[in-house]
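Quick notes on the structure that follows.
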Amino acid sequence: MKFETKAIHIGEEPNLEEGGTGDVVIPIHLSSTFARKEVEKPTRGYEYSRTGNPTRDALEKRLAALEDAQFGLAFSSGMAAETVLALTLLNSGDHVVAFDDLYAGTRRLFDILNRNFKVEFTYVDARYLENVETAIKPNTKLIWLETPTNPLMKLCDIRAISEIAKEKGILVVVDNTFATPYFQKPLKLGADIVVHSTTKFINGHSDSVGGAIMLSNEEIYAKLKFNQNAIGAILSPFDSYLVLRGIKTLAIRMEKHNDNAMKIATYLESHSRVKKVNYPGLKSHPQYELARKQMSGFSGVLSFEIDGGIREVKRFLENLKIFSIAESLGGVESLIEHPATMTHAYLSKDEREKIGITDSLIRVSVGLENVDDLIEDLDNAFKHAF
Ligand SMILES: *Cc1c(COP(=O)(O)O)cnc(C)c1O
């Protein structure tokens with residue numbers, strides 16, 4: 001089956017057997033517990049909803065199928081997925097090499113692991129292979145990547161990094177939230193594990209917070225499954241239903257996010273009040289060739305630097321009518337935010353400047369509205385700002 005077909009059917013095949021009801025859409029199984037006939041074993045495979053739930057199972061199957069993975073696991077947030085993953089793979093004294101332009105929440109989690117559990121982290125500009133290579137130590141267990149990164153849309157070469165990792169027996173994790181499996185398949189490029197915030201493009205409607213892990217390594221899956229139950233940060237049946245529903249339109253949404261973002265990036269690049277646009281679909285992106293090689297599209301997030309300081313940023317953002325000033329991304333509605341004071345305020349000014357997040361940087365999540373309306377909205381805001 002091709003991507004669009006799997007996105008609609010996997011996990012939700014109507015049950016037309018004796019006792020089945022033929023639902024085309026799987027029910028939301030709200031029961032917290034499941035009855036059995038015999039004491040020793042569950043009759044229908046389910047015992048307690050944290051351990052396993054039919055609606056969540058359907059989603060986990062579909063999530064796996066999207067990444068061409070054997071296994072999928074759904075969590076109550078992207079951070080819950082990352083927490084379970086980190087606690088499963090890392091021990092005190094282990095070392096991790098991570099991209100220095102990571103989602104700020106991931107950085108926060110790693111700081112806890114470092115402070116409380118003595119896990120060591122080296123943050124590198126993973127755009128350059130030699131930085132990753134030289135950061136590897138004898139106790140390196142994991143390379144943690146995000147590509148494209150948030151908010152600067154930097155890329156790293158998943159295939160090349162995975163080859164180095166494989167030689168040394170190091171696992172590679174890729175946060176694939178920005179590209180989604182529709183545009184990028186890290187497991188095919190050699191990574192071991194993919195993690196997602198389903199809150200973003202995968203659910204796509206800004207009405208559910210969730211996370212996912214997809215992988216094909218059975219041994220690691222068994223540990224993750226055990227820890228998913230032990231830690232308990234599972235996705236609820238209702239949210240599982242919402243994400244199953246959101247995924248059905250993932251392919252068609254991503255095409256339109258990509259089209260609209262390309263048009264907005266091109267518009268911004270030609271605007272006299274814009275100093276720089278970061279979007280991997282632009283020929284001016286320094287890693288455009290890598291983007292073309294490892295992605296089949298460039299997704300719906302971009303960032304740009306306005307030709308002004310905080311005052312102009314504030315006037316620009318507060319005069320937009322269609323774009324909402326809000327954190328998060330990947331929904332049908334266009335969102336805009338100021339990383340230095342919002343999503344990336346957790347980092348110190350020095351840390352932000354080192355990776356390139358200036359006070360003039362604005363991040364845009366391009367939605368599915370008519371792109372002419374979006375461009376007109378931006379145009380008006382520029383007029384107010386300057
Ligand atoms: C939002 C996000 C996360 C965290 O996910 P939550 O669902 O908000 O917990 C992790 N990584 C990336 C790239 C994100 O955008």
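Just remember, in the structure tokens the first chain shown is A, the second B, etc., residues are 1-based per chain, and ligands are 1-based in the order shown.
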**Study point:** Neighbourhood of ligand 1 at 8 Å, counting only C-alpha atoms and all ligand atoms, reported as a list in words
**Key:** Ser76, Ser77, Gly78, Met79, Ala80, Ala81, Glu82, Leu102, Tyr103, Gly105, Thr106, Glu146, Thr149, Asn150, Asp175, Asn176, Thr177, Phe178, Val195, His196, Ser197, Thr198, Thr199, Lys200, Val209, Gly210, Gly211, Ser328 and Leu329 of chain A
Point to revise | Spatial neighbours of region 38-44 of chain A, 12 Å, only C-alpha atoms, chain gap at least 5 places, as an MDAnalysis selection string | key: chainID A and resid 33 52:54
Practice item. Write down as a count of residues only the residues of region 13-85 of chain A whose backbone DSSP state falls under alpha helix (DSSP H). Key: 21
Review point. Quick one: of A:Leu187, A:Leu215, A:Ile170, A:Ala104, who's nearest to Leu347 (chain A), counting only C-alpha atoms?
Key: A:Ala104
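Residues surrounding region 266-283 of chain A within 8 Å are Pro148, Leu152, Met153, Lys154, Met262, Lys263, Ile264, His285, Pro286, Gln287, Tyr288, Ala291, Gly297, Phe298, Val301, Leu302, Ser303, Phe304, Glu305, Ile306, Asp307, Ile375 and Phe382 of chain A [only C-alpha atoms; sequence separation below 2 positions excluded].
Here the question is which of A:Ala251, A:Ala98, A:Ile8, A:Ile355 gets nearest to Asn131 (chain A) using only C-alpha atoms, and that residue is A:Ala98.
The nearest approach to Thr341 (chain A) among the residues A:Arg363, A:Lys256, A:Arg292, A:Lys188, with only C-alpha atoms taken into account, belongs to A:Arg363.
Candidate residues A:Met214, A:Leu66, A:Ile336, A:Leu85 were compared for distance to Asn227 (chain A), and the nearest is A:Leu85, using only C-alpha atoms.
Going from CA of Tyr221 (chain A) over to CA of Glu60 (chain A), you cover 12.3 Å.
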Check your understanding: CA of Glu353 (chain A) and CA of His338 (chain A) are how many Å apart?
Key -> 14.2 Å
**Study point:** Members of region 80-281 of chain A assigned strand (DSSP E or B) by DSSP, as a VMD selection string
**Key:** chain A and resid 95 to 99 120 to 124 140 to 146 171 to 175 193 to 197 211 to 215 234 274 to 278
Exercise for review: Identify, on the basis of only C-alpha atoms, every residue whose closest approach to Arg56 (chain A) does not exceed 8 Å; exclude the query and any residue fewer than 5 positions from it along the same chain; express the result as a list of chain:residue names.
Suggested key: A:Ala74, A:Leu235, A:Ser236, A:Pro237, A:Ser240, A:Tyr241
Store the residues picked out above, limited to N, CA and C atoms, as a compact mmCIF listing (two decimals), in the first residue's frame.
# COMPACT_ATOMS: atom_id res chain seq x y z
N ALA A 74 2.11 5.24 21.23
CA ALA A 74 1.52 6.57 21.34
C ALA A 74 1.54 7.05 22.79
N LEU A 235 -1.41 7.88 25.51
CA LEU A 235 -2.40 8.73 24.84
C LEU A 235 -3.81 8.21 25.17
N SER A 236 -4.73 9.13 25.47
CA SER A 236 -6.09 8.71 25.85
C SER A 236 -6.84 8.16 24.64
N PRO A 237 -7.89 7.36 24.89
CA PRO A 237 -8.67 6.83 23.76
C PRO A 237 -9.26 7.94 22.89
N SER A 240 -6.54 9.37 20.82
CA SER A 240 -6.14 8.38 19.82
C SER A 240 -7.08 8.44 18.62
N TYR A 241 -8.36 8.59 18.91
CA TYR A 241 -9.36 8.73 17.83
C TYR A 241 -9.10 10.01 17.02
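Using only C-alpha atoms, the shortest contact distance between Val25 (chain A) and any of A:Gly93, A:Gly72, A:Gly11, A:Gly367 is found at A:Gly11.
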Practice item. Within 7 Å of Val172 (chain A), counting only C-alpha atoms, which residues show up once you throw out same-chain ones fewer than 4 positions away? Write them as an NGL selection string, please. Key: :A and (142-144 or 162 or 165 or 191-193)
How would the residues just picked look written out with C-alpha atoms as a CSV table (one decimal), in the first residue's frame?
chain,number,residue,atom,x,y,z
A,142,LEU,CA,23.0,8.0,21.3
A,143,ILE,CA,23.0,10.6,18.6
A,144,TRP,CA,19.8,12.8,18.9
A,162,SER,CA,23.7,7.0,10.7
A,165,ALA,CA,26.9,5.7,14.3
A,191,ALA,CA,18.2,6.0,11.7
A,192,ASP,CA,17.1,3.5,14.4
A,193,ILE,CA,14.2,5.4,16.1
Revision key, fill the gap. CA of Glu289 (chain A) to CA of Cys156 (chain A) measures 11.5 Å
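Take the candidates A:Lys2, A:Lys349, A:Lys321, A:His205 and check each one against Asp379 (chain A) using only C-alpha atoms; the shortest distance goes to A:Lys321.
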Exercise for review: With a distance cut-off of 7 Å and only C-alpha atoms, select the neighbouring residues of Leu335 (chain A), excluding the residue or stretch itself and same-chain residues fewer than 6 positions from it, and output the selection as a VMD selection string.
Suggested key: chain A and resid 323 to 326 329 364 to 366
Dump as a PDB file, in the first residue's frame, selection limited to N, CA and C atoms:
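The resulting file, again-v6.pdb, is shown below:
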ATOM      1  N   PHE A 323      -3.129  35.425  10.911  1.00  0.00           N
ATOM      2  CA  PHE A 323      -2.149  34.666  11.696  1.00  0.00           C
ATOM      3  C   PHE A 323      -2.414  34.913  13.180  1.00  0.00           C
ATOM      4  N   SER A 324      -2.477  33.852  13.970  1.00  0.00           N
ATOM      5  CA  SER A 324      -2.563  34.029  15.431  1.00  0.00           C
ATOM      6  C   SER A 324      -1.158  34.017  16.000  1.00  0.00           C
ATOM      7  N   ILE A 325      -0.914  34.896  16.981  1.00  0.00           N
ATOM      8  CA  ILE A 325       0.366  34.848  17.696  1.00  0.00           C
ATOM      9  C   ILE A 325       0.235  33.714  18.699  1.00  0.00           C
ATOM     10  N   ALA A 326       0.926  32.622  18.437  1.00  0.00           N
ATOM     11  CA  ALA A 326       0.804  31.451  19.316  1.00  0.00           C
ATOM     12  C   ALA A 326       1.978  30.519  19.106  1.00  0.00           C
ATOM     13  N   LEU A 329       2.658  24.530  16.084  1.00  0.00           N
ATOM     14  CA  LEU A 329       2.746  24.586  14.619  1.00  0.00           C
ATOM     15  C   LEU A 329       2.055  23.366  14.044  1.00  0.00           C
ATOM     16  N   VAL A 364       7.116  31.102  11.459  1.00  0.00           N
ATOM     17  CA  VAL A 364       5.773  31.009  10.892  1.00  0.00           C
ATOM     18  C   VAL A 364       5.413  29.548  10.668  1.00  0.00           C
ATOM     19  N   SER A 365       4.212  29.153  11.114  1.00  0.00           N
ATOM     20  CA  SER A 365       3.661  27.868  10.720  1.00  0.00           C
ATOM     21  C   SER A 365       2.564  28.183   9.712  1.00  0.00           C
ATOM     22  N   VAL A 366       2.818  27.859   8.455  1.00  0.00           N
ATOM     23  CA  VAL A 366       1.898  28.232   7.392  1.00  0.00           C
ATOM     24  C   VAL A 366       0.745  27.231   7.330  1.00  0.00           C
TER      25      VAL A 366
END
